[in-house]
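Below: the structure, in C-alpha coordinates.
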Amino acid sequence: YDDTPVLQNVEFEVESNTVNVILGLNGSGKTTLIKLITGVLSAPKGTILIDGQDATLLSPLELSQKISYVPQNISDDNDFLVRDYLTFGRMNKIKFYAAPKEEDYQKAIAIAEEFQIEHLLGRKMNELSGGQRQLVVIARAVVQDADVILMDEPTSALDPYNRRLVIRTIRELPQTKLIASHDL
(Lines give C-alpha, C1' and ligand atoms only; values in the text may rest on other atoms or scores of the structure.)
Protein backbone atom coordinates (compact mmCIF):
# COMPACT_ATOMS: atom_id res chain seq x y z
CA TYR A 1 0.00 0.00 0.00
CA ASP A 2 1.38 3.43 -0.99
CA ASP A 3 4.45 1.62 -2.42
CA THR A 4 5.09 -0.05 0.94
CA PRO A 5 5.18 -3.84 0.74
CA VAL A 6 2.91 -5.53 3.27
CA LEU A 7 3.97 -9.08 2.49
CA GLN A 8 7.29 -10.31 1.17
CA ASN A 9 8.55 -13.79 0.31
CA VAL A 10 5.41 -15.57 1.50
CA GLU A 11 5.19 -19.17 0.47
CA PHE A 12 3.07 -21.93 1.91
CA GLU A 13 1.12 -24.98 0.90
CA VAL A 14 -2.19 -26.14 2.32
CA GLU A 15 -3.23 -29.78 2.33
CA SER A 16 -6.77 -30.76 1.37
CA ASN A 17 -9.42 -31.23 4.06
CA THR A 18 -7.45 -29.52 6.82
CA VAL A 19 -8.02 -26.53 9.08
CA ASN A 20 -5.24 -23.95 8.70
CA VAL A 21 -4.92 -20.74 10.69
CA ILE A 22 -2.92 -17.67 9.76
CA LEU A 23 -2.12 -16.05 13.11
CA GLY A 24 -0.86 -12.53 13.41
CA LEU A 25 -1.25 -9.18 15.05
CA ASN A 26 -3.65 -6.54 13.76
CA GLY A 27 -2.15 -4.93 10.66
CA SER A 28 0.33 -7.75 10.02
CA GLY A 29 -1.05 -8.61 6.56
CA LYS A 30 -3.48 -11.47 7.26
CA THR A 31 -6.39 -9.80 5.46
CA THR A 32 -4.13 -8.72 2.60
CA LEU A 33 -2.98 -12.32 2.15
CA ILE A 34 -6.58 -13.60 2.12
CA LYS A 35 -7.61 -10.90 -0.39
CA LEU A 36 -4.67 -11.83 -2.64
CA ILE A 37 -5.66 -15.50 -2.62
CA THR A 38 -9.31 -14.68 -3.42
CA GLY A 39 -8.37 -12.23 -6.17
CA VAL A 40 -9.99 -9.27 -4.39
CA LEU A 41 -6.50 -7.71 -4.58
CA SER A 42 -4.00 -8.45 -7.32
CA ALA A 43 -0.42 -9.22 -6.44
CA PRO A 44 2.12 -6.83 -7.97
CA LYS A 45 4.45 -9.80 -8.38
CA GLY A 46 4.53 -13.47 -7.61
CA THR A 47 2.07 -16.24 -8.32
CA ILE A 48 -0.81 -17.72 -6.40
CA LEU A 49 -1.51 -21.32 -7.35
CA ILE A 50 -4.76 -23.08 -6.59
CA ASP A 51 -4.66 -26.79 -7.36
CA GLY A 52 -1.54 -26.08 -9.40
CA GLN A 53 -3.26 -23.44 -11.53
CA ASP A 54 -2.40 -19.75 -11.61
CA ALA A 55 -5.35 -18.13 -9.81
CA THR A 56 -5.29 -15.12 -12.14
CA LEU A 57 -6.05 -17.39 -15.10
CA LEU A 58 -9.20 -18.85 -13.53
CA SER A 59 -12.58 -17.44 -14.57
CA PRO A 60 -14.79 -16.03 -11.78
CA LEU A 61 -16.95 -19.16 -12.05
CA GLU A 62 -13.95 -21.48 -11.76
CA LEU A 63 -12.61 -19.49 -8.83
CA SER A 64 -16.01 -19.60 -7.07
CA GLN A 65 -16.03 -23.39 -7.41
CA LYS A 66 -12.62 -23.58 -5.79
CA ILE A 67 -12.85 -20.85 -3.12
CA SER A 68 -15.56 -19.34 -0.97
CA TYR A 69 -14.74 -16.25 1.08
CA VAL A 70 -15.94 -14.90 4.40
CA PRO A 71 -14.76 -11.28 4.66
CA GLN A 72 -13.84 -9.57 7.91
CA ASN A 73 -16.25 -6.69 7.39
CA ILE A 74 -19.80 -7.63 6.55
CA SER A 75 -22.05 -5.02 4.99
CA ASP A 76 -25.38 -4.31 6.65
CA ASP A 77 -26.93 -2.45 3.72
CA ASN A 78 -28.64 -5.24 1.77
CA ASP A 79 -32.27 -6.15 2.29
CA PHE A 80 -32.24 -9.70 0.92
CA LEU A 81 -34.01 -12.36 2.92
CA VAL A 82 -31.56 -14.66 4.68
CA ARG A 83 -33.02 -17.63 2.73
CA ASP A 84 -32.23 -15.90 -0.58
CA TYR A 85 -28.83 -14.67 0.59
CA LEU A 86 -27.83 -18.21 1.53
CA THR A 87 -29.09 -19.51 -1.82
CA PHE A 88 -26.86 -16.98 -3.63
CA GLY A 89 -24.02 -19.24 -2.52
CA ARG A 90 -25.29 -21.78 -5.05
CA MET A 91 -24.83 -19.44 -8.03
CA ASN A 92 -21.65 -21.27 -9.03
CA LYS A 93 -23.81 -24.38 -9.51
CA ILE A 94 -26.70 -22.73 -11.39
CA LYS A 95 -26.71 -22.07 -15.12
CA PHE A 96 -26.59 -18.46 -16.27
CA TYR A 97 -30.06 -16.83 -16.15
CA ALA A 98 -31.55 -19.89 -14.44
CA ALA A 99 -33.44 -19.72 -11.17
CA PRO A 100 -32.32 -21.75 -8.16
CA LYS A 101 -33.87 -25.20 -7.98
CA GLU A 102 -35.62 -26.67 -4.97
CA GLU A 103 -32.45 -28.62 -4.13
CA ASP A 104 -30.53 -25.31 -3.91
CA TYR A 105 -33.05 -23.97 -1.39
CA GLN A 106 -32.95 -27.25 0.51
CA LYS A 107 -29.15 -27.10 0.71
CA ALA A 108 -29.40 -23.54 2.11
CA ILE A 109 -31.99 -24.64 4.67
CA ALA A 110 -29.92 -27.67 5.72
CA ILE A 111 -26.83 -25.51 6.30
CA ALA A 112 -28.97 -22.94 8.18
CA GLU A 113 -30.08 -25.76 10.49
CA GLU A 114 -26.47 -26.88 10.95
CA PHE A 115 -25.53 -23.35 12.03
CA GLN A 116 -28.73 -23.07 14.11
CA ILE A 117 -29.94 -20.01 12.16
CA GLU A 118 -33.05 -21.49 10.52
CA HIS A 119 -35.16 -19.05 12.58
CA LEU A 120 -33.54 -16.22 10.58
CA LEU A 121 -34.48 -17.51 7.11
CA GLY A 122 -37.46 -15.15 6.74
CA ARG A 123 -35.64 -12.08 8.06
CA LYS A 124 -33.78 -9.47 6.02
CA MET A 125 -30.01 -9.25 6.25
CA ASN A 126 -30.12 -5.57 7.25
CA GLU A 127 -32.34 -6.43 10.23
CA LEU A 128 -29.81 -8.78 11.79
CA SER A 129 -27.24 -8.07 14.46
CA GLY A 130 -23.57 -8.11 13.47
CA GLY A 131 -23.10 -11.58 14.98
CA GLN A 132 -26.19 -12.96 13.23
CA ARG A 133 -24.99 -11.53 9.89
CA GLN A 134 -21.60 -13.12 10.46
CA LEU A 135 -23.21 -16.52 11.04
CA VAL A 136 -25.25 -16.12 7.83
CA VAL A 137 -22.18 -15.14 5.78
CA ILE A 138 -20.23 -18.14 7.10
CA ALA A 139 -23.20 -20.41 6.31
CA ARG A 140 -23.39 -18.94 2.79
CA ALA A 141 -19.72 -19.80 2.23
CA VAL A 142 -20.52 -23.38 3.21
CA VAL A 143 -23.60 -23.47 0.93
CA GLN A 144 -21.29 -22.51 -1.95
CA ASP A 145 -19.69 -25.98 -1.82
CA ALA A 146 -16.27 -24.70 -2.88
CA ASP A 147 -13.17 -26.81 -2.27
CA VAL A 148 -11.63 -24.21 0.07
CA ILE A 149 -13.24 -21.79 2.50
CA LEU A 150 -11.19 -18.68 3.29
CA MET A 151 -12.32 -16.86 6.42
CA ASP A 152 -11.05 -13.55 7.72
CA GLU A 153 -11.67 -13.24 11.48
CA PRO A 154 -14.82 -15.39 11.25
CA THR A 155 -15.62 -15.35 14.96
CA SER A 156 -14.81 -11.72 15.80
CA ALA A 157 -18.45 -10.57 16.22
CA LEU A 158 -19.78 -13.74 17.81
CA ASP A 159 -20.80 -14.37 21.40
CA PRO A 160 -19.08 -17.31 23.20
CA TYR A 161 -21.89 -19.80 22.41
CA ASN A 162 -21.90 -19.03 18.66
CA ARG A 163 -18.11 -18.87 18.57
CA ARG A 164 -17.94 -22.46 19.84
CA LEU A 165 -20.72 -23.51 17.43
CA VAL A 166 -18.92 -22.00 14.43
CA ILE A 167 -15.53 -23.45 15.39
CA ARG A 168 -17.04 -26.92 15.92
CA THR A 169 -18.97 -26.72 12.64
CA ILE A 170 -15.94 -25.44 10.71
CA ARG A 171 -13.83 -28.33 12.01
CA GLU A 172 -16.37 -30.87 10.78
CA LEU A 173 -16.70 -29.46 7.26
CA PRO A 174 -15.16 -31.58 4.50
CA GLN A 175 -13.63 -28.55 2.75
CA THR A 176 -10.15 -27.20 3.28
CA LYS A 177 -10.29 -24.23 5.65
CA LEU A 178 -7.89 -21.28 5.76
CA ILE A 179 -8.67 -18.90 8.60
CA ALA A 180 -7.00 -15.58 9.36
CA SER A 181 -7.21 -14.65 13.02
CA HIS A 182 -5.47 -12.90 15.87
CA ASP A 183 -7.52 -14.84 18.43
CA LEU A 184 -5.90 -18.06 19.64
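So you can find residues: chains in the C-alpha coordinates are A, B, ... in the order shown, residues in each start at 1, and ligands are numbered from 1 in order.
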Dump as a Markdown table the rows for residues of range 124-183 of chain A within 10 Å of range 17-41 of chain A: closest atom pair and distance in Å with one decimal, only C-alpha atoms counted, ordered by chain and rising residue number.
| residue | atom | partner | partner_atom | distance |
| --- | --- | --- | --- | --- |
| A:Asp147 | CA | A:Asn17 | CA | 8.6 |
| A:Val148 | CA | A:Asn17 | CA | 8.4 |
| A:Ile149 | CA | A:Val19 | CA | 9.6 |
| A:Leu150 | CA | A:Ile34 | CA | 7.0 |
| A:Met151 | CA | A:Ile34 | CA | 7.9 |
| A:Asp152 | CA | A:Thr31 | CA | 6.4 |
| A:Glu153 | CA | A:Thr31 | CA | 8.7 |
| A:Ile170 | CA | A:Val19 | CA | 8.2 |
| A:Arg171 | CA | A:Val19 | CA | 6.8 |
| A:Glu172 | CA | A:Val19 | CA | 9.6 |
| A:Leu173 | CA | A:Asn17 | CA | 8.1 |
| A:Pro174 | CA | A:Asn17 | CA | 5.8 |
| A:Gln175 | CA | A:Asn17 | CA | 5.2 |
| A:Thr176 | CA | A:Asn17 | CA | 4.2 |
| A:Lys177 | CA | A:Val19 | CA | 4.7 |
| A:Leu178 | CA | A:Asn20 | CA | 4.8 |
| A:Ile179 | CA | A:Val21 | CA | 4.7 |
| A:Ala180 | CA | A:Ile22 | CA | 4.6 |
| A:Ser181 | CA | A:Leu23 | CA | 5.3 |
| A:His182 | CA | A:Gly24 | CA | 5.2 |
| A:Asp183 | CA | A:Leu23 | CA | 7.7 |
Would you write out those residues with N, CA and C atoms, as a short mmCIF file (atom, residue, chain, number, x, y, z; two decimals), in the first residue's frame?
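Full text of part02.cif as output:
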data_model
loop_
_atom_site.label_atom_id
_atom_site.label_comp_id
_atom_site.auth_asym_id
_atom_site.auth_seq_id
_atom_site.Cartn_x
_atom_site.Cartn_y
_atom_site.Cartn_z
N ASP A 147 -14.17 -25.90 -2.83
CA ASP A 147 -13.17 -26.81 -2.27
C ASP A 147 -12.52 -26.24 -1.02
N VAL A 148 -12.33 -24.90 -1.01
CA VAL A 148 -11.63 -24.21 0.07
C VAL A 148 -12.51 -23.08 0.58
N ILE A 149 -12.55 -22.92 1.90
CA ILE A 149 -13.24 -21.79 2.50
C ILE A 149 -12.19 -20.91 3.16
N LEU A 150 -12.10 -19.66 2.69
CA LEU A 150 -11.19 -18.68 3.29
C LEU A 150 -12.01 -17.79 4.21
N MET A 151 -11.57 -17.65 5.45
CA MET A 151 -12.32 -16.86 6.42
C MET A 151 -11.39 -15.86 7.10
N ASP A 152 -11.83 -14.62 7.10
CA ASP A 152 -11.05 -13.55 7.72
C ASP A 152 -11.73 -13.14 9.02
N GLU A 153 -11.13 -13.52 10.14
CA GLU A 153 -11.67 -13.24 11.48
C GLU A 153 -13.13 -13.68 11.59
N ILE A 170 -17.04 -25.61 11.67
CA ILE A 170 -15.94 -25.44 10.71
C ILE A 170 -15.03 -26.67 10.71
N ARG A 171 -14.69 -27.16 11.91
CA ARG A 171 -13.83 -28.33 12.01
C ARG A 171 -14.40 -29.54 11.29
N GLU A 172 -15.73 -29.69 11.35
CA GLU A 172 -16.37 -30.87 10.78
C GLU A 172 -16.62 -30.79 9.28
N LEU A 173 -16.45 -29.62 8.69
CA LEU A 173 -16.70 -29.46 7.26
C LEU A 173 -15.67 -30.24 6.45
N PRO A 174 -16.10 -30.81 5.32
CA PRO A 174 -15.16 -31.58 4.50
C PRO A 174 -14.18 -30.71 3.70
N GLN A 175 -14.49 -29.42 3.55
CA GLN A 175 -13.63 -28.55 2.75
C GLN A 175 -12.32 -28.24 3.49
N THR A 176 -11.37 -27.74 2.72
CA THR A 176 -10.15 -27.20 3.28
C THR A 176 -10.48 -25.81 3.83
N LYS A 177 -10.00 -25.53 5.03
CA LYS A 177 -10.29 -24.23 5.65
C LYS A 177 -8.99 -23.47 5.89
N LEU A 178 -9.00 -22.19 5.50
CA LEU A 178 -7.89 -21.28 5.76
C LEU A 178 -8.47 -20.08 6.48
N ILE A 179 -8.06 -19.90 7.73
CA ILE A 179 -8.67 -18.90 8.60
C ILE A 179 -7.61 -17.91 9.05
N ALA A 180 -7.87 -16.62 8.84
CA ALA A 180 -7.00 -15.58 9.36
C ALA A 180 -7.58 -15.10 10.68
N SER A 181 -6.73 -15.03 11.69
CA SER A 181 -7.21 -14.65 13.02
C SER A 181 -6.07 -14.11 13.87
N HIS A 182 -6.44 -13.30 14.84
CA HIS A 182 -5.47 -12.90 15.87
C HIS A 182 -5.87 -13.51 17.21
N ASP A 183 -6.97 -14.27 17.22
CA ASP A 183 -7.52 -14.84 18.43
C ASP A 183 -7.16 -16.32 18.52
#
If you run DSSP on the backbone, which residues of chain A are helix (DSSP H, G or I), as a VMD selection string? chain A and resid 30 to 38 55 to 57 60 to 66 82 to 88 91 to 93 102 to 114 118 to 120 125 to 127 130 to 143 160 to 172
Counting only C-alpha atoms, the residue of A:Tyr69, A:Tyr161, A:Tyr97, A:Tyr105 that sits nearest Tyr85 in chain A: A:Tyr105
Would you please extract all strand (DSSP E or B) residues from range 115-172 of chain A, as assigned by DSSP on the backbone, and give them as a PyMOL selection string? chain A and resi 124+148-152
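Proximity to Ile111 in chain A at 8 Å, evaluated using only C-alpha atoms and with sequence-adjacent residues fewer than 2 positions away removed, yields Lys107, Ala108, Ile109, Glu113, Glu114, Phe115, Ala139, Val142 and Val143 of chain A.
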Include all heavy atoms and write out the residues we just selected as a JSON list (two decimals), in the first residue's frame.
[["chain", "number", "residue", "atom", "x", "y", "z"],
["A", 107, "LYS", "N", -30.54, -27.14, 0.24],
["A", 107, "LYS", "CA", -29.15, -27.10, 0.71],
["A", 107, "LYS", "C", -28.97, -25.91, 1.65],
["A", 107, "LYS", "O", -28.37, -26.03, 2.72],
["A", 107, "LYS", "CB", -28.20, -26.97, -0.50],
["A", 107, "LYS", "CG", -26.75, -26.75, -0.16],
["A", 107, "LYS", "CD", -26.07, -28.02, 0.26],
["A", 107, "LYS", "CE", -24.59, -27.78, 0.47],
["A", 107, "LYS", "NZ", -23.86, -28.99, 0.72],
["A", 108, "ALA", "N", -29.50, -24.75, 1.27],
["A", 108, "ALA", "CA", -29.40, -23.54, 2.11],
["A", 108, "ALA", "C", -30.09, -23.77, 3.45],
["A", 108, "ALA", "O", -29.55, -23.40, 4.51],
["A", 108, "ALA", "CB", -30.00, -22.34, 1.38],
["A", 109, "ILE", "N", -31.25, -24.39, 3.43],
["A", 109, "ILE", "CA", -31.99, -24.64, 4.67],
["A", 109, "ILE", "C", -31.23, -25.63, 5.56],
["A", 109, "ILE", "O", -31.13, -25.45, 6.77],
["A", 109, "ILE", "CB", -33.42, -25.14, 4.35],
["A", 109, "ILE", "CG1", -34.23, -23.99, 3.73],
["A", 109, "ILE", "CG2", -34.11, -25.69, 5.59],
["A", 109, "ILE", "CD1", -35.54, -24.41, 3.09],
["A", 113, "GLU", "N", -29.81, -24.92, 9.33],
["A", 113, "GLU", "CA", -30.08, -25.76, 10.49],
["A", 113, "GLU", "C", -28.79, -26.16, 11.18],
["A", 113, "GLU", "O", -28.71, -26.16, 12.41],
["A", 113, "GLU", "CB", -30.89, -26.99, 10.07],
["A", 113, "GLU", "CG", -32.32, -26.65, 9.69],
["A", 113, "GLU", "CD", -33.07, -27.80, 9.04],
["A", 113, "GLU", "OE1", -32.47, -28.88, 8.79],
["A", 113, "GLU", "OE2", -34.28, -27.61, 8.78],
["A", 114, "GLU", "N", -27.77, -26.49, 10.39],
["A", 114, "GLU", "CA", -26.47, -26.88, 10.95],
["A", 114, "GLU", "C", -25.86, -25.75, 11.79],
["A", 114, "GLU", "O", -25.26, -25.98, 12.83],
["A", 114, "GLU", "CB", -25.53, -27.26, 9.80],
["A", 114, "GLU", "CG", -24.35, -28.08, 10.21],
["A", 114, "GLU", "CD", -23.58, -28.60, 9.00],
["A", 114, "GLU", "OE1", -24.18, -28.86, 7.94],
["A", 114, "GLU", "OE2", -22.35, -28.71, 9.13],
["A", 115, "PHE", "N", -26.05, -24.51, 11.32],
["A", 115, "PHE", "CA", -25.53, -23.35, 12.03],
["A", 115, "PHE", "C", -26.55, -22.77, 13.03],
["A", 115, "PHE", "O", -26.31, -21.72, 13.61],
["A", 115, "PHE", "CB", -25.11, -22.26, 11.03],
["A", 115, "PHE", "CG", -23.75, -22.48, 10.45],
["A", 115, "PHE", "CD1", -23.57, -23.28, 9.34],
["A", 115, "PHE", "CD2", -22.62, -21.91, 11.03],
["A", 115, "PHE", "CE1", -22.31, -23.49, 8.81],
["A", 115, "PHE", "CE2", -21.36, -22.12, 10.52],
["A", 115, "PHE", "CZ", -21.20, -22.92, 9.40],
["A", 139, "ALA", "N", -22.34, -19.35, 6.85],
["A", 139, "ALA", "CA", -23.20, -20.41, 6.31],
["A", 139, "ALA", "C", -23.27, -20.33, 4.79],
["A", 139, "ALA", "O", -23.24, -21.35, 4.10],
["A", 139, "ALA", "CB", -24.60, -20.31, 6.93],
["A", 142, "VAL", "N", -20.40, -21.93, 3.18],
["A", 142, "VAL", "CA", -20.52, -23.38, 3.21],
["A", 142, "VAL", "C", -21.49, -23.85, 2.13],
["A", 142, "VAL", "O", -21.24, -24.84, 1.43],
["A", 142, "VAL", "CB", -20.97, -23.87, 4.60],
["A", 142, "VAL", "CG1", -21.23, -25.36, 4.62],
["A", 142, "VAL", "CG2", -19.92, -23.49, 5.65],
["A", 143, "VAL", "N", -22.60, -23.14, 1.96],
["A", 143, "VAL", "CA", -23.60, -23.47, 0.93],
["A", 143, "VAL", "C", -22.96, -23.47, -0.45],
["A", 143, "VAL", "O", -23.34, -24.24, -1.33],
["A", 143, "VAL", "CB", -24.79, -22.47, 0.98],
["A", 143, "VAL", "CG1", -25.69, -22.60, -0.22],
["A", 143, "VAL", "CG2", -25.59, -22.66, 2.27]]
